[in-house]
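Asker: Please read through the structure below; I'll follow up with questions.
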Amino acid sequence: MSEDQHHEALTRTVTEKLRNGRVVTIRPMRREDIELEREFISNLSQESRHQRFLGGVGKPSEQLMRQLMDVDHDKREAFIALFDEDGTEKEVGVSRYALDADGKGAECAVVVADDWQVQGLGTLLLKRVVESAKSRGIELLYSTESASNNKLREVAEHMGWDCRTDPRDATQVIYSLKVFPRSR
Ligand SMILES: CC(C)(COP(=O)(O)OP(=O)(O)OC[C@H]1O[C@@H](n2cnc3c(N)ncnc32)[C@H](O)[C@@H]1OP(=O)(O)O)[C@@H](O)C(=O)NCCC(=O)NCCS
C-alpha cells in the first residue's frame, strides 16, 4: 500500500447502499459532529444504549459526550454513518477504536440506530474499523461485551472474529480479530 492509499484508507468518505435501499455516507468523525452524535445517542433504545454503554435512556452526559468526541485520528478514531433526510444530515451509526498504550492492540465499539439495524450497516462500520486499523499497523482489535448480546455475536461471527467466553467472567464474551498490517 502506498502512502497515498494509506491516507485514503484513513480519511475517505464512502457511499454505501444498505439492504433497505437507503444510501448512507461513512466518513471519519469530525469535531463539529457533536450535535449529530448527541442526538444519535439520545435516540437509541434502552436495549441498544445498554449494550453499548451499560447505561439507561435519556440524554448523554457532557462527560460521555467529551469522551465520544475525543477523536484525534491517531490513537482514537471514529467513523460515522450519515443519512440525508430531506436535506438534513442524520447520524445512523458509528464505530470507533482506541489504541492501547503499547500501540499494538485497540479496543473497538459499534452501534447502529435501532431502525437501521440488520441492514448491513454494523458490518460496514466494523469493516471500516478493520481497514483503518490495518492501515495504522494495529495488530489486534478486541472488545469485551455481554454474552447476551446475540446481535453482536451474529455480526462478529459472520466477519470471522474470534468469540471467547471471558475466563474471569462467564457473563462476558471477548471478541478479537488479528489484523495483518499493511505491507510497506
Ligand atoms: C450489534 C450491531 C452493531 C449490529 O449492527 P447491524 O447493522 O444490525 O448488523 P448487520 O446488519 O451488519 O448484521 C450482520 C449480520 O448479523 C445478523 N444479525 C444482525 N442483527 C441480528 C438480529 N437481531 N438477529 C439475528 N441476526 C442478526 C444479520 O443477519 C447479518 O447477517 P448477514 O449479513 O449474513 O445477513 C447492532 O445490533 C447494535 O447497534 N446493537 C446495539 C449496540 C451494541 O450492541 N454494540 C456492540 C457493543 S459495542
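Letters A, B, ... mark the chains of the C-alpha cells in the order given; residue numbers begin at 1 per chain; ligand numbers begin at 1, in order shown.
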As a PyMOL selection string, please: every protein or nucleic acid residue near ligand 1 (cut-off 9 Å, counting only C-alpha atoms and all ligand atoms).
Answerer: chain A and resi 18-19+44-45+47-53+93-95+108-114+116-126+143-146+149-159
Asker: Could you pull out the strand (DSSP E or B) residues of region 2-56 of chain A, going by DSSP on the backbone, and write them as a ChimeraX atom specification?
Answerer: /A:14-17,23-28
Asker: Could you pull the residues within 8 Å of Thr13 (chain A), counting only C-alpha atoms, minus those fewer than 4 positions along the same chain, as a ChimeraX atom specification?
Answerer: /A:25-28
Asker: Which distance in Å separates CA of Gly103 (chain A) and CA of Leu64 (chain A), to one decimal?
Answerer: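 A separation of 23.7 Å between them.
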Asker: Any idea what's packed within 12 Å of Glu32 (chain A), counting only C-alpha atoms, ignoring anything in its chain fewer than 3 positions away? Could you give it as a PyMOL selection string?
Answerer: chain A and resi 28-29+35-38+69-71
Asker: When DSSP is applied to the backbone of this structure, which of region 17-168 of chain A are assigned alpha helix (DSSP H)? Write them out as a PyMOL selection string.
Answerer: chain A and resi 34-42+46-53+62-69+121-136+150-158
Asker: Region 101-168 of chain A near region 76-80 of chain A within 9 Å: what's each residue's closest atom pair and its distance in Å to one decimal, counting only C-alpha atoms, ordered by chain then ascending residue number, as a tab-separated table?
Answerer:
```
residue	atom	partner	partner_atom	distance
A:Ala106	CA	A:Arg76	CA	9.0
A:Leu125	CA	A:Phe79	CA	7.0
A:Arg128	CA	A:Phe79	CA	7.5
A:Val129	CA	A:Phe79	CA	7.7
A:Ser132	CA	A:Glu77	CA	8.6
```
Asker: Write to file, as a compact mmCIF listing (two decimals), in the first residue's frame, the residues of the selection just made, with N, CA and C atoms.
Answerer:
```txt
# COMPACT_ATOMS: atom_id res chain seq x y z
N ALA A 106 -6.14 -2.50 19.96
CA ALA A 106 -7.10 -1.40 20.07
C ALA A 106 -8.46 -1.96 20.44
N LEU A 125 -19.57 -0.65 9.14
CA LEU A 125 -18.85 0.22 10.08
C LEU A 125 -17.68 -0.53 10.72
N ARG A 128 -14.81 -0.84 8.26
CA ARG A 128 -14.04 0.41 8.17
C ARG A 128 -13.02 0.49 9.32
N VAL A 129 -13.44 0.01 10.48
CA VAL A 129 -12.52 -0.03 11.63
C VAL A 129 -11.35 -0.97 11.32
N SER A 132 -9.01 0.60 8.72
CA SER A 132 -8.24 1.69 9.31
C SER A 132 -7.15 1.15 10.24
```
Asker: For each of A:Asn20, A:Arg12, A:Ile34, A:Thr171, take the minimum atom-to-atom distance to Gln67 (chain A), counting only C-alpha atoms, then give the residue where this is smallest.
Answerer: A:Ile34
Asker: Hey, which of A:Asp4, A:Glu39, A:Glu107, A:Glu85 ends up closest to Ile138 (chain A)? Count only C-alpha atoms.
Answerer: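 Under the stated criterion, the closest residue is A:Glu107.
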Asker: Can you list, as a compact mmCIF listing (two decimals) with C-alpha atoms, in the first residue's frame, every protein, DNA or RNA residue that comes within 9 Å of Leu10 (chain A) when you count only C-alpha atoms, leaving out same-chain residues fewer than 4 positions away?
Answerer:
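Generated output (result37.txt):
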```txt
# COMPACT_ATOMS: atom_id res chain seq x y z
CA GLN A 5 -3.50 4.68 -0.38
CA HIS A 6 -2.74 4.67 3.35
CA PRO A 28 -14.22 9.85 9.89
CA HIS A 73 -7.43 10.37 14.18
CA ARG A 128 -14.04 0.41 8.17
CA GLU A 131 -9.37 -1.33 7.30
CA SER A 132 -8.24 1.69 9.31
CA ALA A 133 -6.55 -0.45 11.97
CA SER A 135 -3.52 0.85 7.71
CA ARG A 136 -2.21 2.05 11.09
```
Asker: Residues near Tyr175 (chain A), anyone? I mean within 6 Å using only C-alpha atoms, not counting same-chain ones fewer than 6 positions away, as a ChimeraX atom specification.
Answerer: /A:142-143,162-163
Asker: Under the rule that only C-alpha atoms are counted, which of A:Val130, A:Val92, A:Val173, A:Ala81 is the nearest residue to Ser148 (chain A)?
Answerer: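 For Ser148 (chain A), the nearest of the given residues is A:Val173.
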Asker: Record the distance separating CA of Arg22 (chain A) and CA of Glu8 (chain A), expressed in Å with one decimal.
Answerer: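 Those two atoms sit 24.4 Å apart.
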Asker: Of the candidates A:Asp74, A:Gln46, A:Glu89, A:Trp161, which one gets nearest to His7 (chain A) if we count only C-alpha atoms?
Answerer: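 Nearest to His7 (chain A): A:Asp74.
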